[in-house]
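Asks: Input structure_19.txt, format and content: compact mmCIF, C-alpha atoms.
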# COMPACT_ATOMS: atom_id res chain seq x y z
CA MET A 1 77.90 97.43 15.16
CA ARG A 2 75.37 100.19 14.38
CA ASP A 3 74.16 98.46 11.20
CA LEU A 4 73.29 95.41 13.32
CA LEU A 5 71.46 97.63 15.80
CA ALA A 6 69.52 99.23 12.94
CA LEU A 7 68.20 95.82 11.88
CA LEU A 8 66.44 95.51 15.22
CA THR A 9 64.35 98.64 14.64
CA ASP A 10 63.83 98.33 10.89
CA GLU A 11 60.09 98.30 10.13
CA GLU A 12 60.46 96.19 7.01
CA THR A 13 62.75 93.58 8.55
CA LEU A 14 61.30 92.57 11.93
CA ASN A 15 58.40 94.99 12.41
CA LEU A 16 58.64 94.74 16.20
CA PRO A 17 56.19 96.75 18.33
CA THR A 18 57.45 100.25 19.11
CA ASN A 19 56.24 100.22 22.72
CA CYS A 20 59.09 97.99 23.93
CA VAL A 21 62.06 98.51 26.20
CA ILE A 22 65.22 96.43 26.17
CA THR A 23 65.73 94.51 29.39
CA LYS A 24 68.86 92.62 28.37
CA ALA A 25 71.24 92.56 25.42
CA TYR A 26 74.33 90.56 24.50
CA PHE A 27 76.76 91.44 21.72
CA ASP A 28 79.42 89.04 20.47
CA THR A 29 82.09 89.73 17.86
CA GLN A 30 81.51 86.36 16.21
CA GLY A 31 79.19 87.12 13.30
CA THR A 32 78.15 85.72 9.94
CA ASP A 33 79.09 86.56 6.36
CA GLU A 34 75.49 87.55 5.61
CA THR A 35 72.66 88.97 7.70
CA VAL A 36 70.95 86.10 9.50
CA PHE A 37 67.92 86.20 11.78
CA HIS A 38 68.37 83.25 14.12
CA GLY A 39 65.00 83.70 15.75
CA VAL A 40 62.27 85.95 17.05
CA GLU A 41 60.30 84.48 19.94
CA TYR A 42 57.17 85.95 21.53
CA LYS A 43 56.13 84.85 25.05
CA GLY A 44 53.33 87.04 26.33
CA ASN A 45 54.71 90.56 26.48
CA HIS A 46 58.34 89.36 26.23
CA ILE A 47 60.16 89.23 22.90
CA SER A 48 63.57 87.62 22.27
CA VAL A 49 65.53 88.35 19.10
CA CYS A 50 68.82 86.90 17.85
CA MET A 51 70.51 88.11 14.68
CA SER A 52 73.97 88.40 13.19
CA ASN A 53 75.91 89.97 10.36
CA THR A 54 79.54 90.77 9.61
CA SER A 55 79.82 93.05 12.66
CA GLY A 56 78.80 90.33 15.14
CA THR A 57 75.81 88.67 16.79
CA LEU A 58 73.18 90.43 18.90
CA TRP A 59 70.72 88.80 21.29
CA VAL A 60 68.08 91.13 22.74
CA ASN A 61 65.30 90.61 25.26
CA LEU A 62 62.48 93.13 24.98
CA LEU A 63 59.52 93.86 27.22
CA GLN A 64 56.41 95.15 25.48
CA LEU A 65 54.91 97.80 27.75
CA THR A 66 51.32 97.37 28.83
CA ARG A 67 51.17 100.75 30.57
CA PRO A 68 53.12 104.02 30.38
CA LEU A 69 56.53 104.08 32.05
CA GLN A 70 56.88 106.02 35.27
CA ILE A 71 59.96 108.12 34.50
CA ARG A 72 61.64 110.83 36.49
CA GLU A 73 61.83 114.10 34.59
CA THR A 74 65.05 115.64 35.85
CA PRO A 75 68.48 114.33 34.84
CA LYS A 76 71.12 113.75 37.52
CA VAL A 77 74.52 115.32 37.02
CA ASP A 78 77.72 114.58 38.96
CA ASP A 79 81.44 115.06 38.38
CA SER A 80 82.69 111.46 38.57
CA LEU A 81 85.85 110.73 36.62
CA LYS A 82 84.48 107.62 34.88
CA ARG A 83 81.07 108.58 33.64
CA ILE A 84 78.91 108.60 30.57
CA SER A 85 76.27 111.04 29.44
CA PHE A 86 74.24 111.49 26.28
CA THR A 87 72.60 114.69 25.09
CA LYS A 88 69.17 114.89 23.48
CA ASP A 89 70.88 115.51 20.14
CA GLU A 90 73.05 112.39 20.49
CA ILE A 91 69.96 110.33 21.31
CA ILE A 92 68.02 111.72 18.35
CA GLN A 93 70.99 111.12 16.03
CA PHE A 94 71.23 107.49 17.18
CA VAL A 95 67.52 106.75 16.81
CA GLU A 96 67.57 108.37 13.38
CA ASP A 97 70.63 106.30 12.37
CA VAL A 98 68.95 103.04 13.42
CA ASN A 99 65.39 104.13 12.55
CA ASP A 100 64.13 103.51 16.10
CA ARG A 101 60.51 104.72 16.22
CA ASN A 102 59.99 104.27 19.96
CA ARG A 103 58.58 107.56 21.31
CA ILE A 104 60.35 107.22 24.68
CA HIS A 105 63.59 108.14 22.88
CA ARG A 106 62.08 111.02 20.89
CA GLU A 107 60.07 112.87 23.56
CA VAL A 108 60.82 114.51 26.91
CA PRO A 109 62.54 113.27 29.05
CA TYR A 110 64.41 111.46 26.19
CA ILE A 111 65.31 108.00 27.48
CA VAL A 112 68.71 106.85 26.26
CA PRO A 113 68.33 103.78 24.01
CA GLY A 114 69.81 100.68 25.62
CA LEU A 115 71.67 99.80 22.45
CA LEU A 116 73.32 103.25 22.43
CA ILE A 117 74.65 102.46 25.91
CA LEU A 118 75.82 99.02 24.73
CA GLU A 119 77.53 100.53 21.69
CA TYR A 120 79.22 103.26 23.73
CA LEU A 121 80.50 100.90 26.41
CA TRP A 122 81.81 98.50 23.76
CA MET A 123 83.59 101.23 21.80
CA HIS A 124 84.88 103.45 24.62
CA MET A 125 85.00 101.69 27.98
CA ILE A 126 86.64 98.33 27.26
CA ASN A 127 89.60 96.94 25.41
CA SER A 128 87.67 95.16 22.67
CA ASN A 129 90.90 93.55 21.45
CA THR A 130 90.85 91.20 24.45
CA LYS A 131 87.09 90.88 24.89
CA VAL A 132 84.78 89.10 22.45
CA GLY A 133 81.38 89.80 23.97
CA MET A 134 79.35 91.87 26.40
CA SER A 135 75.95 91.37 27.98
CA ILE A 136 74.03 94.20 29.59
CA ARG A 137 70.99 94.18 31.87
CA PHE A 138 68.94 97.34 32.25
CA LEU A 139 67.42 98.00 35.66
CA SER A 140 66.25 101.60 35.33
CA PRO A 141 66.12 104.12 32.47
CA MET A 142 68.90 106.58 31.77
CA LEU A 143 67.73 110.03 30.68
CA ALA A 144 69.31 112.57 28.37
CA ASN A 145 72.00 114.53 30.24
CA ASP A 146 72.22 112.05 33.14
CA CYS A 147 75.86 111.75 34.22
CA VAL A 148 76.14 108.08 35.03
CA SER A 149 79.20 106.90 36.92
CA ILE A 150 80.80 103.69 35.71
CA GLU A 151 82.33 101.42 38.33
CA ARG A 152 84.47 98.44 37.33
CA GLN A 153 83.94 95.34 39.47
CA ARG A 154 85.19 91.76 39.46
CA GLU A 155 88.64 92.48 38.04
CA GLY A 156 87.18 94.85 35.46
CA ASN A 157 84.85 92.26 33.90
CA VAL A 158 81.69 93.93 35.20
CA LEU A 159 80.71 97.55 34.56
CA VAL A 160 78.00 99.04 36.78
CA GLY A 161 76.28 102.26 35.71
CA ALA A 162 74.77 104.18 38.61
CA LEU A 163 73.25 107.51 39.59
CA ASP A 164 74.02 108.05 43.25
CA ASP A 165 72.83 104.75 44.78
CA MET A 166 70.46 103.84 41.91
CA ILE A 167 71.89 101.19 39.58
CA LEU A 168 70.76 101.76 35.98
CA PHE A 169 72.57 98.89 34.27
CA LYS A 170 75.14 96.14 34.72
CA ALA A 171 77.36 94.98 31.88
CA ARG A 172 79.48 91.83 31.88
CA LEU A 173 82.47 91.37 29.57
CA TYR A 174 83.44 88.02 28.09
CA ASP A 175 86.78 86.58 26.93
CA GLU A 176 85.15 83.65 25.12
CA HIS A 177 82.28 83.45 22.68
CA ARG A 178 78.89 82.48 24.14
CA THR A 179 75.91 80.87 22.50
CA ASN A 180 73.60 83.04 24.65
Could I get this file's structure written as structure tokens?
Replies:
Amino acid sequence: MRDLLALLTDEETLNLPTNCVITKAYFDTQGTDETVFHGVEYKGNHISVCMSNTSGTLWVNLLQLTRPLQIRETPKVDDSLKRISFTKDEIIQFVEDVNDRNRIHREVPYIVPGLLILEYLWMHMINSNTKVGMSIRFLSPMLANDCVSIERQREGNVLVGALDDMILFKARLYDEHRTN
């Protein structure tokens, strides 16, 4: 999956603006034998990208920022049983692996890349043998060292990531392939 994620941030492939945040992403295990860019669409400050390779297909909706993000500076930590957290080093390693140049991931307070969350949930929080896809909608940024609790809803097909009563993201799991 990570090689597909790296295509999104590759300067020579898509050359997308670096001042974007992901608002929604969908990953599906149905891919293509070769790398294929199905489309890049610009509508004002919104960008939609669809691409696939042997690891699967990725649809991403981006929002190009027109002003600096207002971001809290202190991570939240709790002791929930089902939780995820990423250190600054894990964030830096991911953005280096995928060549993500967006400063919000490389400077304090180190915002966790949305695709790192997608990758982690796919690899560690679901049984990917029975699921073929996952969409995720980001509502608020996750910071380095935040301990985000994961609640399963709707018979385990929805994962909600929250800090206290603030929902950061919602992920939906799919049993059948989607076209978007």
Asks: Which is closest to Gly44 in chain A among A:Asn19, A:Ser140, A:Gln64, A:Ser135, if we use only C-alpha atoms?
Replies: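 For Gly44 in chain A, the nearest of the candidates is A:Gln64.
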Asks: Would you list the contacts of Glu34 in chain A as a PDB file with C-alpha atoms, keeping the file's coordinate frame, taking every protein, DNA or RNA residue within 9 Å and counting all atoms listed in the file, but skipping same-chain residues closer than 5 positions in sequence?
Replies:
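Output (selection02.pdb):
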ATOM      1  CA  SER A  52      73.970  88.400  13.190  1.00  0.00           C
ATOM      2  CA  ASN A  53      75.910  89.970  10.360  1.00  0.00           C
ATOM      3  CA  THR A  54      79.540  90.770   9.610  1.00  0.00           C
TER       4      THR A  54
END
Asks: Can you work out the spacing between CA of Arg103 in chain A and CA of Val49 in chain A in Å, to one decimal?
Replies: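 CA of Arg103 in chain A sits 20.5 Å away from CA of Val49 in chain A.
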Asks: One decimal, in Å: what's the spacing between CA of Pro17 in chain A and CA of Asn61 in chain A?
Replies: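 Interatomic distance here is 13.0 Å.
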Asks: Could you please determine the separation between CA of Val98 in chain A and CA of Met1 in chain A in Å, to one decimal place?
Replies: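 According to the coordinates, CA of Val98 in chain A and CA of Met1 in chain A are separated by 10.7 Å.
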Asks: Could you list as a VMD selection string every residue that has an atom within 12 Å of (77.8, 101.6, 24.8), using the file's coordinates and counting only C-alpha atoms?
Replies: chain A and resid 1 to 2 5 25 to 27 83 to 86 94 112 to 126 128 134 to 136 150 159 161 169 to 171
